[in-house]
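Participant: upload_1.cif is reproduced below (mmCIF, C-alpha atoms).
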```
data_target
loop_
_atom_site.label_atom_id
_atom_site.label_comp_id
_atom_site.auth_asym_id
_atom_site.auth_seq_id
_atom_site.Cartn_x
_atom_site.Cartn_y
_atom_site.Cartn_z
CA ARG U 1 10.45 8.82 3.39
CA ARG U 2 12.90 6.00 4.03
CA MET U 3 11.05 3.73 1.58
CA ILE U 4 11.08 6.49 -1.06
CA ASN U 5 14.83 7.03 -0.57
CA PHE U 6 15.45 3.30 -1.00
CA ALA U 7 13.22 3.09 -4.10
CA THR U 8 14.83 6.10 -5.81
CA ALA U 9 18.32 4.83 -4.94
CA MET U 10 17.52 1.59 -6.81
CA VAL U 11 15.81 2.95 -9.96
CA GLY U 12 16.33 6.73 -9.88
CA HIS U 13 19.05 6.70 -12.56
CA TRP U 14 16.71 5.18 -15.18
CA TYR U 15 14.49 7.32 -17.44
CA GLY U 16 11.81 8.94 -15.31
CA GLY U 17 13.73 7.87 -12.22
CA LEU U 18 11.62 9.72 -9.67
CA GLY U 19 8.44 8.41 -11.31
CA LEU U 20 9.75 4.83 -11.24
CA GLY U 21 10.80 5.39 -7.64
CA GLY U 22 7.23 6.49 -6.93
CA VAL U 23 5.77 3.31 -8.45
CA LEU U 24 8.18 1.13 -6.44
CA ALA U 25 7.59 3.12 -3.25
CA CYS U 26 3.81 2.82 -3.70
CA ALA U 27 4.14 -0.94 -4.13
CA LEU U 28 6.24 -1.20 -0.96
CA PHE U 29 3.96 1.09 1.04
CA ALA U 30 0.87 -0.74 -0.24
CA ALA U 31 2.23 -3.90 1.37
CA VAL U 32 2.35 -2.05 4.69
CA SER U 33 -0.76 0.15 4.68
CA GLY U 34 -3.29 -1.90 2.70
CA SER U 35 -5.02 1.32 1.70
CA SER U 36 -4.98 3.17 -1.65
CA PRO U 37 -5.79 6.64 -0.23
CA ALA U 38 -3.13 6.24 2.46
CA THR U 39 -0.58 5.18 -0.18
CA VAL U 40 -1.38 8.16 -2.43
CA VAL U 41 -1.19 10.66 0.44
CA ALA U 42 1.93 9.21 2.10
CA ILE U 43 3.98 8.83 -1.09
CA GLY U 44 2.48 11.70 -3.09
CA SER U 45 2.93 14.35 -0.39
CA ILE U 46 6.69 13.75 -0.47
CA LEU U 47 7.40 12.61 -4.02
CA LEU U 48 5.09 14.82 -6.11
CA PRO U 49 6.70 18.14 -5.04
CA ALA U 50 10.12 16.56 -5.64
CA MET U 51 9.09 15.48 -9.17
CA VAL U 52 7.76 18.93 -10.05
CA LYS U 53 10.89 20.55 -8.66
CA ALA U 54 13.06 18.19 -10.72
CA GLY U 55 11.27 19.23 -13.92
CA PHE U 56 8.52 16.64 -14.40
CA PRO U 57 5.16 17.93 -15.72
CA ASN U 58 2.50 18.33 -13.01
CA LYS U 59 0.02 16.05 -14.77
CA PHE U 60 2.58 13.28 -15.29
CA GLY U 61 3.61 13.29 -11.63
CA ALA U 62 0.01 13.32 -10.41
CA GLY U 63 -0.89 10.53 -12.84
CA VAL U 64 1.97 8.29 -11.71
CA ILE U 65 1.21 8.69 -8.00
CA THR U 66 -2.59 8.36 -8.21
CA THR U 67 -2.53 5.28 -10.46
CA SER U 68 0.25 3.65 -8.44
CA GLY U 69 -1.78 4.30 -5.30
CA ALA U 70 -4.32 1.78 -6.60
CA LEU U 71 -1.78 -0.89 -5.67
CA GLY U 72 -2.91 -0.35 -2.06
CA ILE U 73 -6.06 -2.45 -2.54
CA LEU U 74 -4.39 -5.12 -4.68
CA ILE U 75 -1.13 -5.94 -2.94
CA PRO U 76 -1.87 -7.75 0.34
CA PRO U 77 -2.55 -7.10 3.15
CA SER U 78 -5.46 -5.04 1.77
CA ILE U 79 -8.12 -3.42 3.96
CA VAL U 80 -10.68 -3.75 1.15
CA MET U 81 -9.99 -7.49 0.89
CA VAL U 82 -10.48 -7.91 4.64
CA MET U 83 -13.79 -6.01 4.55
CA TYR U 84 -14.93 -8.03 1.53
CA SER U 85 -14.06 -11.31 3.23
CA VAL U 86 -16.01 -10.34 6.37
CA ALA U 87 -19.07 -9.28 4.35
CA THR U 88 -19.08 -12.40 2.14
CA ASN U 89 -17.53 -15.07 4.43
CA THR U 90 -14.61 -15.53 2.03
CA SER U 91 -11.14 -16.69 3.08
CA VAL U 92 -8.87 -13.69 3.76
CA GLY U 93 -5.76 -15.78 3.09
CA ALA U 94 -7.12 -16.87 -0.31
CA LEU U 95 -7.93 -13.26 -1.24
CA PHE U 96 -4.45 -12.14 -0.20
CA MET U 97 -2.86 -14.89 -2.30
CA ALA U 98 -5.04 -13.90 -5.26
CA GLY U 99 -3.86 -10.27 -5.02
CA VAL U 100 -0.10 -10.93 -5.17
CA VAL U 101 0.34 -11.65 -8.89
CA PRO U 102 -2.10 -8.96 -10.19
CA GLY U 103 -0.51 -6.44 -7.81
CA LEU U 104 3.02 -7.16 -9.02
CA ALA U 105 1.83 -7.28 -12.65
CA LEU U 106 0.14 -3.87 -12.31
CA ALA U 107 3.26 -2.43 -10.67
CA GLY U 108 5.31 -3.77 -13.61
CA VAL U 109 2.94 -2.26 -16.20
CA LEU U 110 2.88 1.11 -14.42
CA GLY U 111 6.68 1.09 -14.22
CA GLY U 112 6.93 0.19 -17.92
CA VAL U 113 4.59 2.98 -19.02
CA THR U 114 6.40 5.49 -16.79
CA TYR U 115 9.78 4.48 -18.25
CA TRP U 116 8.46 4.60 -21.84
CA ARG U 117 6.92 8.08 -21.49
CA ALA U 118 9.97 9.40 -19.64
CA ARG U 119 12.27 8.13 -22.39
CA LYS U 120 10.00 9.47 -25.15
CA PHE U 121 9.82 12.98 -23.66
CA ASN U 122 13.32 12.90 -22.13
CA TYR U 123 12.23 13.52 -18.53
CA PRO U 124 15.01 14.10 -15.98
CA ARG U 125 17.01 11.29 -14.37
CA LEU U 126 18.76 11.19 -11.02
CA PRO U 127 22.49 10.55 -10.70
CA LYS U 128 23.21 6.84 -10.35
CA ALA U 129 23.53 5.87 -6.68
CA SER U 130 26.56 3.85 -5.66
CA TRP U 131 26.10 0.42 -4.08
CA GLY U 132 27.22 1.98 -0.81
CA GLU U 133 24.43 4.59 -1.01
CA ARG U 134 21.91 1.87 -1.91
CA TRP U 135 22.99 -0.24 1.04
CA LYS U 136 22.72 2.78 3.34
CA ALA U 137 19.19 3.52 2.03
CA PHE U 138 18.22 -0.13 2.48
CA ARG U 139 19.53 -0.24 6.05
CA ALA U 140 17.58 2.93 6.90
CA SER U 141 14.34 1.45 5.52
CA ALA U 142 14.94 -2.17 6.58
CA TRP U 143 12.85 -1.99 9.77
CA GLY U 144 9.87 -0.73 7.78
CA LEU U 145 10.37 -3.26 4.98
CA LEU U 146 10.62 -6.05 7.56
CA LEU U 147 6.99 -5.39 8.46
CA ILE U 148 6.03 -6.74 5.00
CA VAL U 149 8.03 -9.91 5.65
CA ILE U 150 6.50 -10.41 9.12
CA VAL U 151 2.89 -9.93 7.96
CA MET U 152 3.00 -11.85 4.68
CA GLY U 153 5.48 -14.50 5.84
CA GLY U 154 3.55 -15.12 9.06
CA ILE U 155 0.22 -15.55 7.24
CA TYR U 156 1.50 -17.82 4.47
CA ALA U 157 3.68 -19.86 6.83
CA GLY U 158 0.64 -20.47 9.03
CA VAL U 159 2.23 -18.84 12.08
CA PHE U 160 -0.79 -16.59 12.61
CA THR U 161 -4.12 -15.67 11.00
CA PRO U 162 -4.64 -12.37 9.12
CA THR U 163 -6.38 -10.96 12.22
CA GLU U 164 -3.45 -11.91 14.44
CA ALA U 165 -1.09 -10.51 11.79
CA ALA U 166 -2.79 -7.13 12.13
CA ALA U 167 -2.17 -7.17 15.89
CA MET U 168 1.44 -8.26 15.36
CA SER U 169 2.05 -5.50 12.80
CA ALA U 170 0.57 -2.88 15.16
CA VAL U 171 2.84 -3.95 18.02
CA TYR U 172 5.86 -4.14 15.72
CA ALA U 173 5.14 -0.71 14.17
CA PHE U 174 4.75 0.80 17.66
CA PHE U 175 8.09 -0.65 18.78
CA VAL U 176 9.93 0.53 15.64
CA ALA U 177 8.36 4.02 15.59
CA VAL U 178 8.93 4.73 19.27
CA PHE U 179 12.17 2.93 20.15
CA ILE U 180 14.15 2.48 16.90
CA TYR U 181 13.29 5.31 14.49
CA LYS U 182 12.05 7.51 17.36
CA ASP U 183 9.65 9.28 14.96
CA MET U 184 6.95 9.17 17.63
CA GLY U 185 7.22 9.90 21.33
CA LEU U 186 5.38 8.01 24.06
CA LYS U 187 3.26 11.13 24.68
CA ASP U 188 1.87 10.80 21.12
CA VAL U 189 0.67 7.21 21.66
CA PRO U 190 -2.70 8.07 23.35
CA LYS U 191 -3.64 10.35 20.43
CA VAL U 192 -2.75 7.61 17.90
CA LEU U 193 -4.79 5.05 19.85
CA LEU U 194 -7.78 7.40 19.97
CA ASN U 195 -7.59 8.06 16.22
CA SER U 196 -7.35 4.31 15.61
CA ALA U 197 -10.39 3.67 17.80
CA ASN U 198 -12.40 6.30 15.89
CA MET U 199 -11.43 4.78 12.54
CA SER U 200 -12.13 1.23 13.74
CA ALA U 201 -15.57 2.22 15.06
CA MET U 202 -16.46 3.79 11.71
CA LEU U 203 -15.26 0.75 9.71
CA LEU U 204 -16.95 -1.74 12.02
CA TYR U 205 -20.25 0.13 11.70
CA ILE U 206 -19.97 -0.08 7.89
CA ILE U 207 -19.07 -3.80 8.05
CA THR U 208 -21.95 -4.54 10.45
CA ASN U 209 -24.47 -2.95 8.10
CA ALA U 210 -22.93 -4.75 5.11
CA VAL U 211 -23.23 -8.14 6.85
CA LEU U 212 -26.82 -7.38 7.94
CA PHE U 213 -27.76 -6.27 4.41
CA SER U 214 -26.15 -9.41 2.96
CA PHE U 215 -28.10 -11.63 5.41
CA ILE U 216 -31.44 -9.98 4.58
CA MET U 217 -30.84 -10.22 0.83
CA THR U 218 -29.97 -13.91 1.10
CA ASN U 219 -32.66 -14.83 3.64
CA GLU U 220 -35.44 -13.20 1.59
CA ASN U 221 -34.12 -14.58 -1.76
CA ILE U 222 -34.13 -11.05 -3.18
CA PRO U 223 -31.36 -11.63 -5.80
CA GLN U 224 -33.17 -14.71 -7.12
CA ALA U 225 -36.50 -12.86 -7.22
CA LEU U 226 -34.93 -9.97 -9.14
CA ALA U 227 -33.25 -12.38 -11.58
CA ASP U 228 -36.57 -14.19 -12.18
CA TRP U 229 -38.37 -10.88 -12.70
CA MET U 230 -35.77 -9.67 -15.24
CA LEU U 231 -35.82 -12.98 -17.13
CA GLY U 232 -39.62 -12.99 -17.06
#
```
What is this structure when it is put down as structure tokens?

Facilitator:
Amino acid sequence: RRMINFATAMVGHWYGGLGLGGVLACALFAAVSGSSPATVVAIGSILLPAMVKAGFPNKFGAGVITTSGALGILIPPSIVMVMYSVATNTSVGALFMAGVVPGLALAGVLGGVTYWRARKFNYPRLPKASWGERWKAFRASAWGLLLIVIVMGGIYAGVFTPTEAAAMSAVYAFFVAVFIYKDMGLKDVPKVLLNSANMSAMLLYIITNAVLFSFIMTNENIPQALADWMLG
């Protein structure tokens, strides 16, 4: 919610302001969550009802949020990139670096299309926020935005590996959620840890099978055999 408020304060007064705010918020949240479904649900559940209420067509709002959610797997840190790197023994850092420019380019294209359609069909715009309101929105979201700086800056500066960055981000998010924003009480922590353990177990099982499958395929020269058979 704080990220959305900051995004709409910056671009809400342009044509299709809430839609542009959604694209920007998705890009920001993608750099925190690393997951497309999580980005769509987190941003869409708040922004889509607001867009419909403001007078945007249902289909336009849904289209903006779902396509912008795809930024979750492009803009690093991306869960899909981590899983791919584990399954194929590829450098996570190199994959993250490769996702930055396409992610920003896609965000720019989505923003451009949103602006163009909003201007063409005269979709509603928000009142222009003052610099004081923008600063207030930035200060409220700064602790969340700082997570992006810590994760990406730490990896590219060589302070820690992507794996260590995940641990750092978890500790940082816990501290901010419990002691600064106070969105989560200490009594909620065991439930969050249990949910995380369940999710991790499921993902690790998938990764284990992917690595095993990859090893068998390579060890038995199955891809080469298939290629020879097709060519033959």

Participant: Hey, what's within 10 Å of Gly108 (chain U) if we count only C-alpha atoms and toss same-chain stuff fewer than 4 positions away? As a list of chain:residue names, please?

Facilitator: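 Residues near the query, excluding close chain neighbours: U:Leu20, U:Val23, U:Leu24, U:Ala27, U:Pro102, U:Gly103, U:Leu104, U:Gly112, U:Val113, U:Thr114.
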
Participant: Env of Ile79 (chain U): 12 Å cut, atoms = only C-alpha atoms, seq-sep filter 2 positions within chain, self excluded. Answer as a PyMOL selection string.

Facilitator: chain U and resi 30-38+71-77+81-86+92+95-96+162-163+166+200+203+207

Participant: Ranking U:Ser130, U:Asn58, U:Thr67, U:Thr39 by minimum distance to Thr8 (chain U) and counting all atoms listed in the file, which one comes first?

Facilitator: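 Under the stated criterion, the closest residue is U:Ser130.
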
Participant: Please evaluate the PyMOL selection byres ((chain U and resi 7) around 10) against the displayed coordinates and give the resulting residues as a list in words.

Facilitator: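 When the PyMOL selection byres ((chain U and resi 7) around 10) is applied, the selected residues are Arg1, Arg2, Met3, Ile4, Asn5, Phe6, Thr8, Ala9, Met10, Val11, Gly12, Gly17, Leu18, Leu20, Gly21, Gly22, Val23, Leu24, Ala25, Cys26, Ala27, Leu28, Arg134, Ala137, Phe138 and Ser141 of chain U.
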
Participant: How far is it from CA of Leu186 (chain U) to CA of Val149 (chain U), in Å with one decimal?

Facilitator: 25.8 Å

Participant: Quick check, in Å to one decimal: how far apart do CA of Leu126 (chain U) and CA of His13 (chain U) lie?

Facilitator: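 The value is 4.8 Å.
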
Participant: Quick one: pull the distance between CA of Leu145 (chain U) and CA of Tyr172 (chain U), Å, one decimal.

Facilitator: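 Separation between CA of Leu145 (chain U) and CA of Tyr172 (chain U): 11.7 Å.
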
Participant: With 5 Å added on each side, what axis-aligned box encloses every listed atom of region 67-78 of chain U? Give the centre and edge lengths in Å to one decimal, as JSON.

Facilitator:
```
{"center_x": -2.9, "center_y": -1.2, "center_z": -3.7, "size_x": 16.3, "size_y": 23.0, "size_z": 23.6}
```

Participant: Neighbouring residues of region 214-230 of chain U were defined as those with any atom within 10 Å, considering all atoms listed in the file; residues of the same chain fewer than 6 positions away were excluded. Please report them as a PDB file with C-alpha atoms, in the frame of the given file.

Facilitator:
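Dumped to selection20.pdb:
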```pdb
ATOM      1  CA  ALA U  87     -19.070  -9.280   4.350  1.00  0.00           C
ATOM      2  CA  THR U  88     -19.080 -12.400   2.140  1.00  0.00           C
ATOM      3  CA  THR U 208     -21.950  -4.540  10.450  1.00  0.00           C
TER       4      THR U 208
END
```

Participant: Just checking: using all atoms listed in the file, which residue out of U:Ala197, U:Val189, U:Ile65, U:Ile155 ends up closest to Gly111 (chain U)?

Facilitator: U:Ile65

Participant: Give me the residues near Pro49 (chain U) as a list in words, where near means some atom within 10 Å (using all atoms listed in the file) and where sequence neighbours in that chain fewer than 5 positions away do not count.

Facilitator: Gly44, Ala54, Phe56, Asn58, Gly61 and Ala62 of chain U

Participant: Counting only C-alpha atoms, figure out which residue out of U:Pro127, U:Tyr181, U:Val101, U:Ala50 gets nearest to Ala140 (chain U).

Facilitator: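 Closest candidate: U:Tyr181.
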
Participant: Would you pick out the contacts of Tyr15 (chain U) at 10 Å or less, using only C-alpha atoms, so that residues sharing its chain but fewer than 6 positions from it are not included, and give the list as number ranges by chain?

Facilitator: U: 114-126

Participant: Tell me which of U:Ser78, U:Gly69, U:Trp135, U:Lys59 sits closest to Val40 (chain U), counting all atoms listed in the file.

Facilitator: U:Gly69
